[in-house]
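Below: one structure, written as structure tokens.
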Amino acid sequence: RAGGFTHEVAVRIRTGNVTFDNGTIRADSVTLAADGGAMSLGSAAQVDASAKQGGVVGVYAKENLAVNAGAVISARSSRAGANGGDITLSSSSGRISLASGAVIDAGGDDSTDGRITLRASRAGNTVNVDPVRASWNAGTLAVEAVRQYSGTTVATGSSAGTTIGQTTLAADTSGYMANKAAIMNALGLSGDARAHLRAGVEIRSSGDLTVSSDWNLWSASRAGGEPGYLSLRAAGN
């Protein structure tokens, strides 16, 4: 495997764009990150985390993330009864593009195995993901459409000042997920029971972050009939 490292390979580039044009990275867990720019996987690039139990691949970019024709990402499981692998492709402020001719495979030995997550910001009533043209294989493909909020406190009620209100978050999520059918159609994923649109909420604080009251994240009538994602990030405590 990669340079003799068989378990984990993690490459994190702090500034600039990153292009991986050709070659193969093999390990049970592979992470590639472009903290300050775009990430592109070229036509002869292979990321191979296939393993008996299924591997883990994460490719992260601040700006655009492109998986071009000919590129292959695999986290397949090969052992009978294993549950496939996990692949996350993420752009925090750009777009995700999965070109025709690219292959993304997290599968296993049955149709329910494997998970692929495409994580990108919301753009009004859409998401910053181009129509999915790549060949993909997984039991679940989840498009996580993220909205970021900044504040110091999460509390009940509506947002005000540096307080982020749970009522406001729920209303924003419900309003966005009302566009689920149109968004999935634009992504080319309508009618595929394996594909899901899920709302992501990311709360950031430049200092401490306090959740000041209980927060029930479960609902029998979830927006769009889907679970969501919640991320809490604080520079302080």
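Chains: A, B, ... in order of the structure tokens. Residues: from 1 per chain. Ligands: from 1, in order shown.
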What residues in region 34-197 of chain A get the DSSP label strand (DSSP E)? Please answer as a PyMOL selection string. chain A and resi 34+39-48+56-61+65-67+72-74+86-91+96-98+103-105+115-123+126-127+135-137+140-150+153-155+163-165+195-197
Compile the contact shell of Pro227 (chain A) as a list of chain:residue names: residues with an atom at most 8 Å away, counting only C-alpha atoms, same-chain residues fewer than 2 positions apart removed. A:Arg198, A:Ala199, A:Arg222, A:Ala223, A:Gly225, A:Tyr229
Filtering to all heavy atoms, could you give me those residues as a PDB file, in the first residue's frame?
ATOM      1  N   ARG A 198     -30.446  15.537   2.710  1.00  0.00           N
ATOM      2  CA  ARG A 198     -30.545  15.724   4.151  1.00  0.00           C
ATOM      3  C   ARG A 198     -29.977  17.083   4.530  1.00  0.00           C
ATOM      4  O   ARG A 198     -28.931  17.481   4.030  1.00  0.00           O
ATOM      5  CB  ARG A 198     -29.809  14.602   4.888  1.00  0.00           C
ATOM      6  CG  ARG A 198     -30.500  13.261   4.677  1.00  0.00           C
ATOM      7  CD  ARG A 198     -29.752  12.085   5.213  1.00  0.00           C
ATOM      8  NE  ARG A 198     -30.531  10.856   5.022  1.00  0.00           N
ATOM      9  CZ  ARG A 198     -30.050   9.629   5.175  1.00  0.00           C
ATOM     10  NH1 ARG A 198     -28.787   9.457   5.542  1.00  0.00           N
ATOM     11  NH2 ARG A 198     -30.818   8.573   4.973  1.00  0.00           N
ATOM     12  N   ALA A 199     -30.690  17.782   5.378  1.00  0.00           N
ATOM     13  CA  ALA A 199     -30.275  19.125   5.788  1.00  0.00           C
ATOM     14  C   ALA A 199     -29.172  19.043   6.835  1.00  0.00           C
ATOM     15  O   ALA A 199     -29.270  18.280   7.802  1.00  0.00           O
ATOM     16  CB  ALA A 199     -31.465  19.893   6.349  1.00  0.00           C
ATOM     17  N   ARG A 222     -40.174  14.382  10.433  1.00  0.00           N
ATOM     18  CA  ARG A 222     -38.982  15.119  10.054  1.00  0.00           C
ATOM     19  C   ARG A 222     -39.196  15.847   8.742  1.00  0.00           C
ATOM     20  O   ARG A 222     -39.887  15.371   7.850  1.00  0.00           O
ATOM     21  CB  ARG A 222     -37.788  14.173   9.918  1.00  0.00           C
ATOM     22  CG  ARG A 222     -37.354  13.486  11.196  1.00  0.00           C
ATOM     23  CD  ARG A 222     -36.060  12.718  10.937  1.00  0.00           C
ATOM     24  NE  ARG A 222     -35.622  11.991  12.121  1.00  0.00           N
ATOM     25  CZ  ARG A 222     -35.847  10.704  12.317  1.00  0.00           C
ATOM     26  NH1 ARG A 222     -36.523  10.016  11.430  1.00  0.00           N
ATOM     27  NH2 ARG A 222     -35.396  10.102  13.395  1.00  0.00           N
ATOM     28  N   ALA A 223     -38.537  17.009   8.602  1.00  0.00           N
ATOM     29  CA  ALA A 223     -38.641  17.785   7.373  1.00  0.00           C
ATOM     30  C   ALA A 223     -38.149  16.962   6.193  1.00  0.00           C
ATOM     31  O   ALA A 223     -37.031  16.443   6.208  1.00  0.00           O
ATOM     32  CB  ALA A 223     -37.813  19.061   7.500  1.00  0.00           C
ATOM     33  N   GLY A 225     -39.017  14.114   5.461  1.00  0.00           N
ATOM     34  CA  GLY A 225     -38.988  12.695   5.787  1.00  0.00           C
ATOM     35  C   GLY A 225     -37.593  12.140   5.976  1.00  0.00           C
ATOM     36  O   GLY A 225     -37.377  10.923   5.886  1.00  0.00           O
ATOM     37  N   TYR A 229     -28.195  16.467   9.870  1.00  0.00           N
ATOM     38  CA  TYR A 229     -26.850  16.461  10.441  1.00  0.00           C
ATOM     39  C   TYR A 229     -26.682  17.732  11.275  1.00  0.00           C
ATOM     40  O   TYR A 229     -27.115  18.810  10.865  1.00  0.00           O
ATOM     41  CB  TYR A 229     -25.785  16.470   9.350  1.00  0.00           C
ATOM     42  CG  TYR A 229     -25.774  15.266   8.437  1.00  0.00           C
ATOM     43  CD1 TYR A 229     -26.626  15.189   7.348  1.00  0.00           C
ATOM     44  CD2 TYR A 229     -24.881  14.215   8.650  1.00  0.00           C
ATOM     45  CE1 TYR A 229     -26.601  14.095   6.489  1.00  0.00           C
ATOM     46  CE2 TYR A 229     -24.845  13.113   7.799  1.00  0.00           C
ATOM     47  CZ  TYR A 229     -25.712  13.068   6.718  1.00  0.00           C
ATOM     48  OH  TYR A 229     -25.684  11.989   5.865  1.00  0.00           O
TER      49      TYR A 229
END
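The closest residue to Ser97 (chain A), picked from A:Ser40, A:Asn125, A:Ser206, A:Ser150 and counting only C-alpha atoms, is A:Ser40.
The residue that comes closest to Asn137 (chain A), out of A:Gly84, A:Gly37, A:Gly188, A:Gly151 and on the basis of only C-alpha atoms, is A:Gly84.
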Residue set, region 112-169 of chain A restricted to alpha helix (DSSP H), as a PyMOL selection string: chain A and resi 166-169
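Neighbouring residues of Asp48 (chain A) at 8 Å or closer, counting only C-alpha atoms and skipping chain neighbours under 4 positions away, are Thr24, Ile25, Arg26, Ala27, Asp28, Val72, Ile73, Ser74 and Ala75 of chain A.
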Could you give me, as a ChimeraX atom specification, the residues within 9 Å of Gly54 (chain A), counting only C-alpha atoms and dropping anything in the same chain fewer than 2 positions from it? /A:28,49-52,56,75-79,82-86,106-108,114
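If you count only C-alpha atoms and ignore residues fewer than 4 places along the chain from Ile87 (chain A), what sits within 6 Å of it is Val56, Val57, Gly58 and Ile116 of chain A.
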Grab the residues selected above and save them as a PDB file, in the first residue's frame with N, CA, C and O atoms.
ATOM      1  N   VAL A  56     -12.449   3.533   4.595  1.00  0.00           N
ATOM      2  CA  VAL A  56     -12.957   4.882   4.817  1.00  0.00           C
ATOM      3  C   VAL A  56     -12.151   5.845   3.947  1.00  0.00           C
ATOM      4  O   VAL A  56     -10.916   5.843   3.993  1.00  0.00           O
ATOM      5  N   VAL A  57     -12.847   6.670   3.168  1.00  0.00           N
ATOM      6  CA  VAL A  57     -12.212   7.705   2.351  1.00  0.00           C
ATOM      7  C   VAL A  57     -12.880   9.029   2.639  1.00  0.00           C
ATOM      8  O   VAL A  57     -14.118   9.133   2.638  1.00  0.00           O
ATOM      9  N   GLY A  58     -12.071  10.064   2.888  1.00  0.00           N
ATOM     10  CA  GLY A  58     -12.582  11.421   3.025  1.00  0.00           C
ATOM     11  C   GLY A  58     -11.775  12.350   2.136  1.00  0.00           C
ATOM     12  O   GLY A  58     -10.541  12.376   2.235  1.00  0.00           O
ATOM     13  N   ILE A 116     -22.138   6.768   0.914  1.00  0.00           N
ATOM     14  CA  ILE A 116     -21.465   7.900   0.274  1.00  0.00           C
ATOM     15  C   ILE A 116     -22.163   9.169   0.741  1.00  0.00           C
ATOM     16  O   ILE A 116     -23.389   9.272   0.692  1.00  0.00           O
TER      17      ILE A 116
END
Would you list the contacts of Ala38 (chain A) as a list in words, taking every protein, DNA or RNA residue within 9 Å and counting only C-alpha atoms, but skipping same-chain residues closer than 5 positions in sequence? Gly16, Asn17, Val18, Thr19, Tyr60, Ala61, Lys62, Glu63, Asn64, Leu65, Ala66, Ser91 and Gly94 of chain A
Print the selection's residues with C-alpha atoms to a file, as a PDB file, in the first residue's frame.
ATOM      1  CA  GLY A  16      -3.487  26.630  -2.339  1.00  0.00           C
ATOM      2  CA  ASN A  17      -5.157  24.252  -4.744  1.00  0.00           C
ATOM      3  CA  VAL A  18      -4.403  20.528  -4.833  1.00  0.00           C
ATOM      4  CA  THR A  19      -4.383  18.356  -7.966  1.00  0.00           C
ATOM      5  CA  TYR A  60     -12.196  17.642   1.634  1.00  0.00           C
ATOM      6  CA  ALA A  61     -11.770  21.027  -0.060  1.00  0.00           C
ATOM      7  CA  LYS A  62     -12.440  24.582   1.008  1.00  0.00           C
ATOM      8  CA  GLU A  63     -13.321  25.523  -2.578  1.00  0.00           C
ATOM      9  CA  ASN A  64     -14.391  23.342  -5.517  1.00  0.00           C
ATOM     10  CA  LEU A  65     -13.993  19.569  -5.359  1.00  0.00           C
ATOM     11  CA  ALA A  66     -13.845  17.815  -8.736  1.00  0.00           C
ATOM     12  CA  SER A  91     -16.591  21.285  -0.152  1.00  0.00           C
ATOM     13  CA  GLY A  94     -17.314  25.694  -3.389  1.00  0.00           C
TER      14      GLY A  94
END
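The gap separating CA of Ser205 (chain A) from CA of Gly161 (chain A) is 13.0 Å, in Å to one decimal.
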To one decimal place in Å, what is the distance between CA of Ala178 (chain A) and CA of Leu98 (chain A)? 25.1 Å
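Closest approach to Thr126 (chain A) among A:Gly81, A:Ala160, A:Asn237, A:Ile183: A:Ile183, based on only C-alpha atoms.
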Who sits within 6 Å of Asn128 (chain A), only C-alpha atoms, same chain under 3 positions skipped, as a PDB file with C-alpha atoms, in the first residue's frame:
ATOM      1  CA  ARG A  95     -19.073  23.117  -5.546  1.00  0.00           C
ATOM      2  CA  ALA A 120     -21.753  21.093   0.433  1.00  0.00           C
ATOM      3  CA  SER A 121     -23.334  24.416   1.340  1.00  0.00           C
TER       4      SER A 121
END
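Proximity of A:Thr156, A:Thr140, A:Ser90, A:Asn179 to Ala123 (chain A), computed with only C-alpha atoms, is greatest for A:Asn179.
Counting only C-alpha atoms, the residue from A:Ile203, A:Ala10, A:Ala155, A:Val103 that sits nearest to Asn68 (chain A) is A:Val103.
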Nearest residue to Asp109 (chain A) from the set A:Gln148, A:Ser135, A:Ser174, A:Gln53 (distances using only C-alpha atoms): A:Gln53
